$ cat upload08.txt   # compact mmCIF, N, CA and C atoms
# COMPACT_ATOMS: atom_id res chain seq x y z
N MET P 1 67.49 -197.14 -70.16
CA MET P 1 66.34 -196.33 -70.47
C MET P 1 66.73 -194.87 -70.63
N LYS P 2 67.88 -194.45 -70.06
CA LYS P 2 68.31 -193.08 -70.27
C LYS P 2 68.60 -192.85 -71.75
N LEU P 3 69.09 -193.90 -72.45
CA LEU P 3 69.33 -193.78 -73.89
C LEU P 3 68.03 -193.50 -74.62
N LEU P 4 66.96 -194.18 -74.21
CA LEU P 4 65.66 -193.96 -74.84
C LEU P 4 65.22 -192.52 -74.69
N SER P 5 65.36 -191.98 -73.49
CA SER P 5 64.97 -190.60 -73.24
C SER P 5 65.79 -189.63 -74.08
N ALA P 6 67.10 -189.84 -74.11
CA ALA P 6 67.97 -188.96 -74.89
C ALA P 6 67.65 -189.06 -76.38
N ALA P 7 67.39 -190.27 -76.85
CA ALA P 7 67.11 -190.46 -78.26
C ALA P 7 65.82 -189.78 -78.68
N LEU P 8 64.79 -189.93 -77.87
CA LEU P 8 63.52 -189.30 -78.22
C LEU P 8 63.62 -187.79 -78.17
N THR P 9 64.37 -187.27 -77.22
CA THR P 9 64.56 -185.83 -77.13
C THR P 9 65.35 -185.34 -78.34
N ALA P 10 66.43 -186.04 -78.67
CA ALA P 10 67.27 -185.65 -79.82
C ALA P 10 66.49 -185.75 -81.13
N ALA P 11 65.57 -186.68 -81.20
CA ALA P 11 64.81 -186.88 -82.43
C ALA P 11 64.02 -185.65 -82.83
N LEU P 12 63.65 -184.85 -81.87
CA LEU P 12 62.85 -183.66 -82.18
C LEU P 12 63.65 -182.61 -82.92
N VAL P 13 64.97 -182.67 -82.82
CA VAL P 13 65.79 -181.67 -83.49
C VAL P 13 66.72 -182.28 -84.53
N TRP P 14 66.71 -183.59 -84.69
CA TRP P 14 67.62 -184.27 -85.61
C TRP P 14 67.16 -184.08 -87.05
N PRO P 15 68.07 -183.79 -87.97
CA PRO P 15 67.65 -183.63 -89.37
C PRO P 15 67.29 -184.97 -89.98
N SER P 16 66.37 -184.93 -90.93
CA SER P 16 66.03 -186.15 -91.64
C SER P 16 66.36 -185.95 -93.12
N PHE P 17 66.67 -187.06 -93.79
CA PHE P 17 67.15 -186.98 -95.16
C PHE P 17 66.18 -187.64 -96.11
N ALA P 18 66.54 -188.77 -96.72
CA ALA P 18 65.69 -189.41 -97.72
C ALA P 18 64.32 -189.71 -97.13
N GLN P 19 63.30 -189.11 -97.71
CA GLN P 19 61.96 -189.22 -97.17
C GLN P 19 61.09 -190.06 -98.10
N ALA P 20 60.12 -190.75 -97.52
CA ALA P 20 59.25 -191.59 -98.33
C ALA P 20 57.80 -191.45 -97.90
N ALA P 21 57.26 -192.48 -97.29
CA ALA P 21 55.83 -192.58 -97.05
C ALA P 21 55.42 -192.08 -95.67
N ASP P 22 54.10 -192.04 -95.48
CA ASP P 22 53.51 -191.72 -94.19
C ASP P 22 53.06 -193.04 -93.54
N LEU P 23 52.89 -193.01 -92.22
CA LEU P 23 52.50 -194.20 -91.49
C LEU P 23 51.51 -193.83 -90.40
N GLN P 24 50.38 -194.54 -90.35
CA GLN P 24 49.43 -194.39 -89.25
C GLN P 24 49.93 -195.24 -88.09
N LEU P 25 50.06 -194.62 -86.94
CA LEU P 25 50.52 -195.31 -85.74
C LEU P 25 49.38 -195.27 -84.72
N GLU P 26 48.87 -196.44 -84.36
CA GLU P 26 47.79 -196.55 -83.38
C GLU P 26 48.42 -196.90 -82.04
N VAL P 27 48.40 -195.95 -81.13
CA VAL P 27 49.03 -196.12 -79.82
C VAL P 27 47.95 -196.48 -78.81
N GLN P 28 48.12 -197.60 -78.15
CA GLN P 28 47.19 -198.05 -77.11
C GLN P 28 47.87 -197.93 -75.76
N GLY P 29 47.09 -197.80 -74.72
CA GLY P 29 47.64 -197.72 -73.37
C GLY P 29 47.98 -196.31 -72.93
N VAL P 30 47.43 -195.30 -73.63
CA VAL P 30 47.66 -193.92 -73.23
C VAL P 30 46.98 -193.70 -71.88
N ASP P 31 47.71 -193.13 -70.94
CA ASP P 31 47.18 -192.87 -69.60
C ASP P 31 46.31 -191.62 -69.67
N THR P 32 45.01 -191.82 -69.81
CA THR P 32 44.09 -190.69 -70.00
C THR P 32 43.92 -189.86 -68.74
N SER P 33 44.40 -190.33 -67.61
CA SER P 33 44.34 -189.52 -66.40
C SER P 33 45.47 -188.49 -66.36
N ARG P 34 46.40 -188.60 -67.32
CA ARG P 34 47.56 -187.71 -67.34
C ARG P 34 47.70 -186.99 -68.68
N LEU P 35 46.59 -186.52 -69.24
CA LEU P 35 46.63 -185.88 -70.55
C LEU P 35 46.98 -184.40 -70.47
N GLN P 36 46.56 -183.71 -69.43
CA GLN P 36 46.73 -182.27 -69.32
C GLN P 36 48.21 -181.90 -69.33
N GLY P 37 48.62 -181.10 -70.30
CA GLY P 37 49.99 -180.61 -70.38
C GLY P 37 50.98 -181.60 -70.94
N GLY P 38 50.54 -182.81 -71.26
CA GLY P 38 51.45 -183.83 -71.77
C GLY P 38 51.43 -183.92 -73.28
N SER P 39 52.28 -184.80 -73.80
CA SER P 39 52.32 -185.04 -75.24
C SER P 39 52.85 -186.45 -75.49
N LEU P 40 52.70 -186.88 -76.72
CA LEU P 40 53.23 -188.17 -77.15
C LEU P 40 54.49 -187.90 -77.95
N MET P 41 55.60 -188.48 -77.52
CA MET P 41 56.89 -188.29 -78.17
C MET P 41 57.22 -189.55 -78.98
N VAL P 42 57.53 -189.37 -80.27
CA VAL P 42 57.79 -190.50 -81.16
C VAL P 42 59.13 -190.30 -81.85
N ALA P 43 59.93 -191.37 -81.90
CA ALA P 43 61.22 -191.34 -82.61
C ALA P 43 61.28 -192.53 -83.56
N VAL P 44 61.84 -192.29 -84.76
CA VAL P 44 61.97 -193.32 -85.78
C VAL P 44 63.46 -193.54 -86.04
N PHE P 45 63.85 -194.82 -86.04
CA PHE P 45 65.25 -195.20 -86.24
C PHE P 45 65.36 -196.10 -87.45
N THR P 46 66.48 -195.99 -88.18
CA THR P 46 66.65 -196.80 -89.39
C THR P 46 67.88 -197.71 -89.35
N GLU P 47 68.74 -197.53 -88.38
CA GLU P 47 69.99 -198.29 -88.31
C GLU P 47 70.20 -198.88 -86.93
N PRO P 48 70.64 -200.13 -86.84
CA PRO P 48 70.95 -200.71 -85.53
C PRO P 48 72.02 -199.92 -84.78
N SER P 49 72.98 -199.38 -85.51
CA SER P 49 74.07 -198.64 -84.86
C SER P 49 73.59 -197.33 -84.23
N GLY P 50 72.46 -196.81 -84.70
CA GLY P 50 71.93 -195.57 -84.14
C GLY P 50 70.76 -195.78 -83.19
N TRP P 51 70.44 -197.04 -82.92
CA TRP P 51 69.27 -197.37 -82.10
C TRP P 51 69.32 -196.68 -80.75
N LEU P 52 68.30 -195.93 -80.45
CA LEU P 52 68.12 -195.16 -79.22
C LEU P 52 69.16 -194.05 -79.04
N ARG P 53 69.92 -193.75 -80.09
CA ARG P 53 70.92 -192.68 -80.02
C ARG P 53 70.73 -191.64 -81.13
N GLN P 54 70.49 -192.11 -82.35
CA GLN P 54 70.45 -191.21 -83.50
C GLN P 54 69.18 -191.43 -84.32
N PRO P 55 68.07 -190.89 -83.87
CA PRO P 55 66.82 -191.05 -84.63
C PRO P 55 66.86 -190.27 -85.94
N LYS P 56 66.17 -190.79 -86.94
CA LYS P 56 66.04 -190.10 -88.21
C LYS P 56 64.91 -189.09 -88.19
N ILE P 57 63.87 -189.40 -87.42
CA ILE P 57 62.71 -188.52 -87.32
C ILE P 57 62.25 -188.49 -85.88
N GLY P 58 61.84 -187.33 -85.43
CA GLY P 58 61.23 -187.20 -84.11
C GLY P 58 60.03 -186.28 -84.21
N GLN P 59 58.94 -186.69 -83.60
CA GLN P 59 57.74 -185.87 -83.63
C GLN P 59 57.08 -185.86 -82.26
N ARG P 60 56.44 -184.74 -81.97
CA ARG P 60 55.67 -184.57 -80.73
C ARG P 60 54.22 -184.38 -81.15
N PHE P 61 53.33 -185.13 -80.48
CA PHE P 61 51.91 -185.07 -80.81
C PHE P 61 51.11 -184.69 -79.57
N SER P 62 50.05 -183.95 -79.79
CA SER P 62 49.11 -183.61 -78.71
C SER P 62 48.36 -184.87 -78.29
N LEU P 63 48.00 -184.92 -77.03
CA LEU P 63 47.23 -186.05 -76.50
C LEU P 63 45.72 -185.77 -76.52
N GLU P 64 45.34 -184.63 -77.05
CA GLU P 64 43.94 -184.22 -77.02
C GLU P 64 42.99 -185.20 -77.70
N GLY P 65 43.46 -185.93 -78.70
CA GLY P 65 42.59 -186.86 -79.42
C GLY P 65 42.50 -188.23 -78.79
N ALA P 66 43.12 -188.44 -77.64
CA ALA P 66 43.10 -189.77 -77.00
C ALA P 66 41.70 -190.08 -76.48
N VAL P 67 41.22 -191.27 -76.83
CA VAL P 67 39.91 -191.74 -76.38
C VAL P 67 40.06 -193.18 -75.92
N ASP P 68 39.56 -193.45 -74.72
CA ASP P 68 39.62 -194.81 -74.16
C ASP P 68 41.04 -195.39 -74.20
N GLY P 69 42.02 -194.55 -73.93
CA GLY P 69 43.40 -195.01 -73.88
C GLY P 69 44.05 -195.22 -75.23
N LYS P 70 43.42 -194.74 -76.31
CA LYS P 70 43.96 -194.92 -77.66
C LYS P 70 44.16 -193.58 -78.33
N LEU P 71 45.23 -193.49 -79.12
CA LEU P 71 45.52 -192.29 -79.90
C LEU P 71 46.12 -192.72 -81.22
N THR P 72 45.59 -192.20 -82.31
CA THR P 72 46.15 -192.48 -83.63
C THR P 72 46.83 -191.24 -84.15
N VAL P 73 48.09 -191.40 -84.58
CA VAL P 73 48.87 -190.30 -85.11
C VAL P 73 49.44 -190.71 -86.47
N THR P 74 49.83 -189.73 -87.25
CA THR P 74 50.44 -190.01 -88.55
C THR P 74 51.88 -189.55 -88.54
N LEU P 75 52.76 -190.50 -88.81
CA LEU P 75 54.18 -190.19 -88.98
C LEU P 75 54.39 -189.87 -90.45
N ARG P 76 54.81 -188.67 -90.74
CA ARG P 76 54.96 -188.23 -92.12
C ARG P 76 56.40 -188.34 -92.60
N ASN P 77 56.53 -188.60 -93.89
CA ASN P 77 57.83 -188.60 -94.55
C ASN P 77 58.83 -189.58 -93.93
N LEU P 78 58.38 -190.82 -93.71
CA LEU P 78 59.30 -191.82 -93.18
C LEU P 78 60.41 -192.12 -94.17
N PRO P 79 61.61 -192.42 -93.68
CA PRO P 79 62.68 -192.85 -94.58
C PRO P 79 62.30 -194.15 -95.26
N ASP P 80 62.84 -194.39 -96.45
CA ASP P 80 62.61 -195.65 -97.15
C ASP P 80 63.19 -196.81 -96.36
N GLY P 81 62.54 -197.97 -96.46
CA GLY P 81 63.07 -199.19 -95.87
C GLY P 81 62.59 -199.46 -94.45
N PRO P 82 63.22 -200.44 -93.81
CA PRO P 82 62.82 -200.85 -92.46
C PRO P 82 63.07 -199.74 -91.43
N VAL P 83 62.19 -199.68 -90.43
CA VAL P 83 62.30 -198.69 -89.36
C VAL P 83 61.96 -199.36 -88.02
N ALA P 84 62.37 -198.73 -86.95
CA ALA P 84 61.96 -199.11 -85.60
C ALA P 84 61.48 -197.83 -84.92
N VAL P 85 60.40 -197.95 -84.13
CA VAL P 85 59.76 -196.77 -83.53
C VAL P 85 59.77 -196.90 -82.02
N THR P 86 60.08 -195.78 -81.36
CA THR P 86 59.95 -195.68 -79.91
C THR P 86 58.95 -194.57 -79.61
N VAL P 87 58.18 -194.77 -78.55
CA VAL P 87 57.14 -193.81 -78.16
C VAL P 87 57.12 -193.70 -76.65
N PHE P 88 56.88 -192.49 -76.16
CA PHE P 88 56.54 -192.36 -74.74
C PHE P 88 55.57 -191.23 -74.54
N GLN P 89 54.78 -191.36 -73.48
CA GLN P 89 53.82 -190.33 -73.11
C GLN P 89 54.51 -189.40 -72.12
N ASP P 90 54.83 -188.21 -72.61
CA ASP P 90 55.48 -187.21 -71.77
C ASP P 90 54.39 -186.57 -70.91
N ALA P 91 54.10 -187.20 -69.79
CA ALA P 91 52.95 -186.82 -68.96
C ALA P 91 53.08 -185.43 -68.36
N ASN P 92 54.29 -185.00 -68.06
CA ASN P 92 54.47 -183.70 -67.42
C ASN P 92 54.97 -182.62 -68.38
N GLY P 93 55.13 -182.95 -69.66
CA GLY P 93 55.48 -181.96 -70.66
C GLY P 93 56.91 -181.43 -70.59
N ASN P 94 57.82 -182.18 -69.95
CA ASN P 94 59.20 -181.70 -69.83
C ASN P 94 60.09 -182.13 -71.00
N GLY P 95 59.54 -182.88 -71.96
CA GLY P 95 60.30 -183.24 -73.15
C GLY P 95 61.23 -184.42 -72.99
N ARG P 96 61.15 -185.13 -71.88
CA ARG P 96 62.03 -186.29 -71.70
C ARG P 96 61.28 -187.40 -70.95
N LEU P 97 61.78 -188.61 -71.11
CA LEU P 97 61.22 -189.76 -70.41
C LEU P 97 61.78 -189.77 -68.99
N ASP P 98 60.91 -189.54 -68.03
CA ASP P 98 61.35 -189.48 -66.64
C ASP P 98 61.60 -190.88 -66.09
N MET P 99 62.61 -190.98 -65.22
CA MET P 99 63.03 -192.25 -64.62
C MET P 99 62.99 -192.16 -63.10
N ASN P 100 62.87 -193.32 -62.46
CA ASN P 100 62.98 -193.36 -61.01
C ASN P 100 64.45 -193.52 -60.63
N ALA P 101 64.73 -193.66 -59.36
CA ALA P 101 66.11 -193.76 -58.88
C ALA P 101 66.83 -195.00 -59.41
N MET P 102 66.08 -196.01 -59.81
CA MET P 102 66.67 -197.25 -60.34
C MET P 102 66.86 -197.19 -61.86
N GLY P 103 66.47 -196.07 -62.48
CA GLY P 103 66.61 -195.93 -63.92
C GLY P 103 65.45 -196.52 -64.71
N MET P 104 64.36 -196.83 -64.03
CA MET P 104 63.18 -197.38 -64.69
C MET P 104 62.23 -196.23 -65.06
N PRO P 105 61.63 -196.28 -66.26
CA PRO P 105 60.70 -195.22 -66.67
C PRO P 105 59.50 -195.11 -65.73
N VAL P 106 59.08 -193.88 -65.47
CA VAL P 106 57.89 -193.65 -64.67
C VAL P 106 56.76 -193.07 -65.53
N GLU P 107 57.02 -192.94 -66.83
CA GLU P 107 56.00 -192.50 -67.78
C GLU P 107 55.78 -193.65 -68.77
N PRO P 108 54.57 -193.76 -69.31
CA PRO P 108 54.28 -194.84 -70.25
C PRO P 108 55.18 -194.76 -71.50
N TYR P 109 55.69 -195.91 -71.94
CA TYR P 109 56.58 -195.98 -73.09
C TYR P 109 56.32 -197.26 -73.86
N GLY P 110 56.78 -197.31 -75.11
CA GLY P 110 56.62 -198.53 -75.90
C GLY P 110 57.50 -198.51 -77.13
N PHE P 111 57.57 -199.67 -77.79
CA PHE P 111 58.39 -199.86 -78.98
C PHE P 111 57.56 -200.53 -80.07
N SER P 112 57.92 -200.32 -81.32
CA SER P 112 57.24 -201.01 -82.41
C SER P 112 57.37 -202.52 -82.20
N ASN P 113 56.43 -203.25 -82.74
CA ASN P 113 56.31 -204.70 -82.56
C ASN P 113 56.04 -205.05 -81.10
N ASP P 114 55.71 -204.06 -80.28
CA ASP P 114 55.56 -204.26 -78.84
C ASP P 114 56.78 -204.98 -78.27
N ALA P 115 57.94 -204.66 -78.84
CA ALA P 115 59.20 -205.28 -78.41
C ALA P 115 59.49 -204.94 -76.95
N ALA P 116 60.04 -205.90 -76.25
CA ALA P 116 60.40 -205.71 -74.85
C ALA P 116 61.77 -206.34 -74.61
N GLY P 117 62.60 -205.64 -73.88
CA GLY P 117 63.91 -206.16 -73.54
C GLY P 117 63.89 -206.77 -72.15
N GLN P 118 64.94 -207.48 -71.85
CA GLN P 118 65.10 -208.00 -70.50
C GLN P 118 66.15 -207.16 -69.81
N PHE P 119 65.78 -206.54 -68.72
CA PHE P 119 66.70 -205.68 -67.97
C PHE P 119 67.20 -204.51 -68.80
N GLY P 120 66.33 -203.92 -69.59
CA GLY P 120 66.68 -202.77 -70.41
C GLY P 120 65.82 -202.73 -71.66
N PRO P 121 66.12 -201.80 -72.56
CA PRO P 121 65.31 -201.69 -73.78
C PRO P 121 65.56 -202.87 -74.71
N PRO P 122 64.62 -203.11 -75.63
CA PRO P 122 64.81 -204.19 -76.61
C PRO P 122 65.89 -203.83 -77.62
N LYS P 123 66.34 -204.82 -78.33
CA LYS P 123 67.30 -204.61 -79.42
C LYS P 123 66.56 -204.07 -80.64
N PHE P 124 67.29 -203.38 -81.49
CA PHE P 124 66.74 -202.84 -82.72
C PHE P 124 66.03 -203.93 -83.52
N GLU P 125 66.65 -205.10 -83.59
CA GLU P 125 66.11 -206.21 -84.39
C GLU P 125 64.75 -206.67 -83.87
N GLN P 126 64.45 -206.45 -82.61
CA GLN P 126 63.16 -206.82 -82.06
C GLN P 126 62.06 -205.82 -82.45
N ALA P 127 62.44 -204.59 -82.69
CA ALA P 127 61.48 -203.53 -82.95
C ALA P 127 61.35 -203.17 -84.43
N VAL P 128 62.26 -203.62 -85.27
CA VAL P 128 62.28 -203.19 -86.67
C VAL P 128 61.14 -203.83 -87.47
N PHE P 129 60.60 -203.06 -88.40
CA PHE P 129 59.57 -203.54 -89.32
C PHE P 129 59.66 -202.72 -90.60
N THR P 130 59.04 -203.21 -91.66
CA THR P 130 58.99 -202.47 -92.92
C THR P 130 57.57 -201.95 -93.11
N PRO P 131 57.42 -200.62 -93.10
CA PRO P 131 56.07 -200.06 -93.29
C PRO P 131 55.47 -200.45 -94.63
N VAL P 132 54.17 -200.69 -94.62
CA VAL P 132 53.42 -201.02 -95.83
C VAL P 132 52.38 -199.93 -96.04
N ALA P 133 52.37 -199.34 -97.22
CA ALA P 133 51.43 -198.26 -97.52
C ALA P 133 50.00 -198.70 -97.22
N GLY P 134 49.27 -197.85 -96.51
CA GLY P 134 47.88 -198.12 -96.23
C GLY P 134 47.63 -198.99 -95.00
N GLN P 135 48.69 -199.54 -94.39
CA GLN P 135 48.52 -200.36 -93.20
C GLN P 135 48.93 -199.58 -91.95
N ALA P 136 48.08 -199.62 -90.96
CA ALA P 136 48.40 -198.97 -89.68
C ALA P 136 49.25 -199.93 -88.84
N VAL P 137 50.06 -199.34 -87.98
CA VAL P 137 50.89 -200.12 -87.06
C VAL P 137 50.37 -199.84 -85.65
N ARG P 138 50.18 -200.91 -84.89
CA ARG P 138 49.71 -200.78 -83.50
C ARG P 138 50.88 -200.94 -82.55
N LEU P 139 50.83 -200.16 -81.49
CA LEU P 139 51.88 -200.16 -80.48
C LEU P 139 51.23 -199.94 -79.12
N ARG P 140 51.69 -200.67 -78.10
CA ARG P 140 51.11 -200.54 -76.76
C ARG P 140 52.13 -199.91 -75.82
N LEU P 141 51.67 -198.89 -75.08
CA LEU P 141 52.50 -198.28 -74.06
C LEU P 141 52.46 -199.14 -72.80
N ASN P 142 53.60 -199.23 -72.12
CA ASN P 142 53.70 -199.99 -70.86
C ASN P 142 53.59 -199.03 -69.70

$ encode --input "upload08.txt" --output "structure tokens"
Amino acid sequence: MKLLSAALTAALVWPSFAQAADLQLEVQGVDTSRLQGGSLMVAVFTEPSGWLRQPKIGQRFSLEGAVDGKLTVTLRNLPDGPVAVTVFQDANGNGRLDMNAMGMPVEPYGFSNDAAGQFGPPKFEQAVFTPVAGQAVRLRLN
């Protein structure tokens, strides 16, 4: 999970290249009791070799629009082709996914396709999808 935190943080400053479409991302499971000072951190990956290490796009979104645990955001200028998305709710606004002493996240997080790994993050192949113009993608935070 430390890789996830590093990847999402790096995504905010990582350059992006070939750009294409926008994507509506509907995030469910937002902890509305922890909105003050927090944000939603999103990273987009295009290659299995860069999964959780080298995001192509990183964006930070305000949680102000969250209603009933749901927040819809728009990812702009996605790279062409298949992508995998990671998201976490940065509840304390420190810009990273906080972990407990065992290395488990203590802030809500999720992956595209609601992918889940066993004893760690899911594989890229579990989270990858091809965006379709006009279709929203739903993702649930754990």

$ select_by_dssp --input "upload08.txt" --residues "range 22-134 of chain P" --states "strand (DSSP E)" --output "VMD selection string"
chain P and resid 23 to 28 39 to 45 57 to 62 70 to 75 84 to 90 109 to 111

$ write_last_selection --input "upload08.txt" --atoms "N, CA and C atoms" --output "mmCIF file, in the frame of the given file"
data_model
loop_
_atom_site.group_PDB
_atom_site.id
_atom_site.type_symbol
_atom_site.label_atom_id
_atom_site.label_comp_id
_atom_site.auth_asym_id
_atom_site.auth_seq_id
_atom_site.Cartn_x
_atom_site.Cartn_y
_atom_site.Cartn_z
ATOM 1 N N LEU P 23 52.890 -193.010 -92.220
ATOM 2 C CA LEU P 23 52.500 -194.200 -91.490
ATOM 3 C C LEU P 23 51.510 -193.830 -90.400
ATOM 4 N N GLN P 24 50.380 -194.540 -90.350
ATOM 5 C CA GLN P 24 49.430 -194.390 -89.250
ATOM 6 C C GLN P 24 49.930 -195.240 -88.090
ATOM 7 N N LEU P 25 50.060 -194.620 -86.940
ATOM 8 C CA LEU P 25 50.520 -195.310 -85.740
ATOM 9 C C LEU P 25 49.380 -195.270 -84.720
ATOM 10 N N GLU P 26 48.870 -196.440 -84.360
ATOM 11 C CA GLU P 26 47.790 -196.550 -83.380
ATOM 12 C C GLU P 26 48.420 -196.900 -82.040
ATOM 13 N N VAL P 27 48.400 -195.950 -81.130
ATOM 14 C CA VAL P 27 49.030 -196.120 -79.820
ATOM 15 C C VAL P 27 47.950 -196.480 -78.810
ATOM 16 N N GLN P 28 48.120 -197.600 -78.150
ATOM 17 C CA GLN P 28 47.190 -198.050 -77.110
ATOM 18 C C GLN P 28 47.870 -197.930 -75.760
ATOM 19 N N SER P 39 52.280 -184.800 -73.800
ATOM 20 C CA SER P 39 52.320 -185.040 -75.240
ATOM 21 C C SER P 39 52.850 -186.450 -75.490
ATOM 22 N N LEU P 40 52.700 -186.880 -76.720
ATOM 23 C CA LEU P 40 53.230 -188.170 -77.150
ATOM 24 C C LEU P 40 54.490 -187.900 -77.950
ATOM 25 N N MET P 41 55.600 -188.480 -77.520
ATOM 26 C CA MET P 41 56.890 -188.290 -78.170
ATOM 27 C C MET P 41 57.220 -189.550 -78.980
ATOM 28 N N VAL P 42 57.530 -189.370 -80.270
ATOM 29 C CA VAL P 42 57.790 -190.500 -81.160
ATOM 30 C C VAL P 42 59.130 -190.300 -81.850
ATOM 31 N N ALA P 43 59.930 -191.370 -81.900
ATOM 32 C CA ALA P 43 61.220 -191.340 -82.610
ATOM 33 C C ALA P 43 61.280 -192.530 -83.560
ATOM 34 N N VAL P 44 61.840 -192.290 -84.760
ATOM 35 C CA VAL P 44 61.970 -193.320 -85.780
ATOM 36 C C VAL P 44 63.460 -193.540 -86.040
ATOM 37 N N PHE P 45 63.850 -194.820 -86.040
ATOM 38 C CA PHE P 45 65.250 -195.200 -86.240
ATOM 39 C C PHE P 45 65.360 -196.100 -87.450
ATOM 40 N N ILE P 57 63.870 -189.400 -87.420
ATOM 41 C CA ILE P 57 62.710 -188.520 -87.320
ATOM 42 C C ILE P 57 62.250 -188.490 -85.880
ATOM 43 N N GLY P 58 61.840 -187.330 -85.430
ATOM 44 C CA GLY P 58 61.230 -187.200 -84.110
ATOM 45 C C GLY P 58 60.030 -186.280 -84.210
ATOM 46 N N GLN P 59 58.940 -186.690 -83.600
ATOM 47 C CA GLN P 59 57.740 -185.870 -83.630
ATOM 48 C C GLN P 59 57.080 -185.860 -82.260
ATOM 49 N N ARG P 60 56.440 -184.740 -81.970
ATOM 50 C CA ARG P 60 55.670 -184.570 -80.730
ATOM 51 C C ARG P 60 54.220 -184.380 -81.150
ATOM 52 N N PHE P 61 53.330 -185.130 -80.480
ATOM 53 C CA PHE P 61 51.910 -185.070 -80.810
ATOM 54 C C PHE P 61 51.110 -184.690 -79.570
ATOM 55 N N SER P 62 50.050 -183.950 -79.790
ATOM 56 C CA SER P 62 49.110 -183.610 -78.710
ATOM 57 C C SER P 62 48.360 -184.870 -78.290
ATOM 58 N N LYS P 70 43.420 -194.740 -76.310
ATOM 59 C CA LYS P 70 43.960 -194.920 -77.660
ATOM 60 C C LYS P 70 44.160 -193.580 -78.330
ATOM 61 N N LEU P 71 45.230 -193.490 -79.120
ATOM 62 C CA LEU P 71 45.520 -192.290 -79.900
ATOM 63 C C LEU P 71 46.120 -192.720 -81.220
ATOM 64 N N THR P 72 45.590 -192.200 -82.310
ATOM 65 C CA THR P 72 46.150 -192.480 -83.630
ATOM 66 C C THR P 72 46.830 -191.240 -84.150
ATOM 67 N N VAL P 73 48.090 -191.400 -84.580
ATOM 68 C CA VAL P 73 48.870 -190.300 -85.110
ATOM 69 C C VAL P 73 49.440 -190.710 -86.470
ATOM 70 N N THR P 74 49.830 -189.730 -87.250
ATOM 71 C CA THR P 74 50.440 -190.010 -88.550
ATOM 72 C C THR P 74 51.880 -189.550 -88.540
ATOM 73 N N LEU P 75 52.760 -190.500 -88.810
ATOM 74 C CA LEU P 75 54.180 -190.190 -88.980
ATOM 75 C C LEU P 75 54.390 -189.870 -90.450
ATOM 76 N N ALA P 84 62.370 -198.730 -86.950
ATOM 77 C CA ALA P 84 61.960 -199.110 -85.600
ATOM 78 C C ALA P 84 61.480 -197.830 -84.920
ATOM 79 N N VAL P 85 60.400 -197.950 -84.130
ATOM 80 C CA VAL P 85 59.760 -196.770 -83.530
ATOM 81 C C VAL P 85 59.770 -196.900 -82.020
ATOM 82 N N THR P 86 60.080 -195.780 -81.360
ATOM 83 C CA THR P 86 59.950 -195.680 -79.910
ATOM 84 C C THR P 86 58.950 -194.570 -79.610
ATOM 85 N N VAL P 87 58.180 -194.770 -78.550
ATOM 86 C CA VAL P 87 57.140 -193.810 -78.160
ATOM 87 C C VAL P 87 57.120 -193.700 -76.650
ATOM 88 N N PHE P 88 56.880 -192.490 -76.160
ATOM 89 C CA PHE P 88 56.540 -192.360 -74.740
ATOM 90 C C PHE P 88 55.570 -191.230 -74.540
ATOM 91 N N GLN P 89 54.780 -191.360 -73.480
ATOM 92 C CA GLN P 89 53.820 -190.330 -73.110
ATOM 93 C C GLN P 89 54.510 -189.400 -72.120
ATOM 94 N N ASP P 90 54.830 -188.210 -72.610
ATOM 95 C CA ASP P 90 55.480 -187.210 -71.770
ATOM 96 C C ASP P 90 54.390 -186.570 -70.910
ATOM 97 N N TYR P 109 55.690 -195.910 -71.940
ATOM 98 C CA TYR P 109 56.580 -195.980 -73.090
ATOM 99 C C TYR P 109 56.320 -197.260 -73.860
ATOM 100 N N GLY P 110 56.780 -197.310 -75.110
ATOM 101 C CA GLY P 110 56.620 -198.530 -75.900
ATOM 102 C C GLY P 110 57.500 -198.510 -77.130
ATOM 103 N N PHE P 111 57.570 -199.670 -77.790
ATOM 104 C CA PHE P 111 58.390 -199.860 -78.980
ATOM 105 C C PHE P 111 57.560 -200.530 -80.070
#

$ closest_residue --input "upload08.txt" --among "P:Asp114, P:Glu26, P:Thr86, P:Lys56" --to "Val42 in chain P" --atoms "all atoms listed in the file"
P:Thr86

$ residues_around --input "upload08.txt" --residues "Ala21 in chain P" --least-positions-apart "2" --cutoff "10 Å" --atoms "only C-alpha atoms" --output "list in words"
Gln19, Leu23, Leu75, Arg76, Asn77, Leu78, Pro79, Asp80, Gly81, Pro131, Val132, Ala133 and Gly134 of chain P

$ write_last_selection --input "upload08.txt" --atoms "N, CA and C atoms" --output "tab-separated table (two decimals), in the frame of the given file"
chain	number	residue	atom	x	y	z
P	19	GLN	N	63.30	-189.11	-97.71
P	19	GLN	CA	61.96	-189.22	-97.17
P	19	GLN	C	61.09	-190.06	-98.10
P	23	LEU	N	52.89	-193.01	-92.22
P	23	LEU	CA	52.50	-194.20	-91.49
P	23	LEU	C	51.51	-193.83	-90.40
P	75	LEU	N	52.76	-190.50	-88.81
P	75	LEU	CA	54.18	-190.19	-88.98
P	75	LEU	C	54.39	-189.87	-90.45
P	76	ARG	N	54.81	-188.67	-90.74
P	76	ARG	CA	54.96	-188.23	-92.12
P	76	ARG	C	56.40	-188.34	-92.60
P	77	ASN	N	56.53	-188.60	-93.89
P	77	ASN	CA	57.83	-188.60	-94.55
P	77	ASN	C	58.83	-189.58	-93.93
P	78	LEU	N	58.38	-190.82	-93.71
P	78	LEU	CA	59.30	-191.82	-93.18
P	78	LEU	C	60.41	-192.12	-94.17
P	79	PRO	N	61.61	-192.42	-93.68
P	79	PRO	CA	62.68	-192.85	-94.58
P	79	PRO	C	62.30	-194.15	-95.26
P	80	ASP	N	62.84	-194.39	-96.45
P	80	ASP	CA	62.61	-195.65	-97.15
P	80	ASP	C	63.19	-196.81	-96.36
P	81	GLY	N	62.54	-197.97	-96.46
P	81	GLY	CA	63.07	-199.19	-95.87
P	81	GLY	C	62.59	-199.46	-94.45
P	131	PRO	N	57.42	-200.62	-93.10
P	131	PRO	CA	56.07	-200.06	-93.29
P	131	PRO	C	55.47	-200.45	-94.63
P	132	VAL	N	54.17	-200.69	-94.62
P	132	VAL	CA	53.42	-201.02	-95.83
P	132	VAL	C	52.38	-199.93	-96.04
P	133	ALA	N	52.37	-199.34	-97.22
P	133	ALA	CA	51.43	-198.26	-97.52
P	133	ALA	C	50.00	-198.70	-97.22
P	134	GLY	N	49.27	-197.85	-96.51
P	134	GLY	CA	47.88	-198.12	-96.23
P	134	GLY	C	47.63	-198.99	-95.00
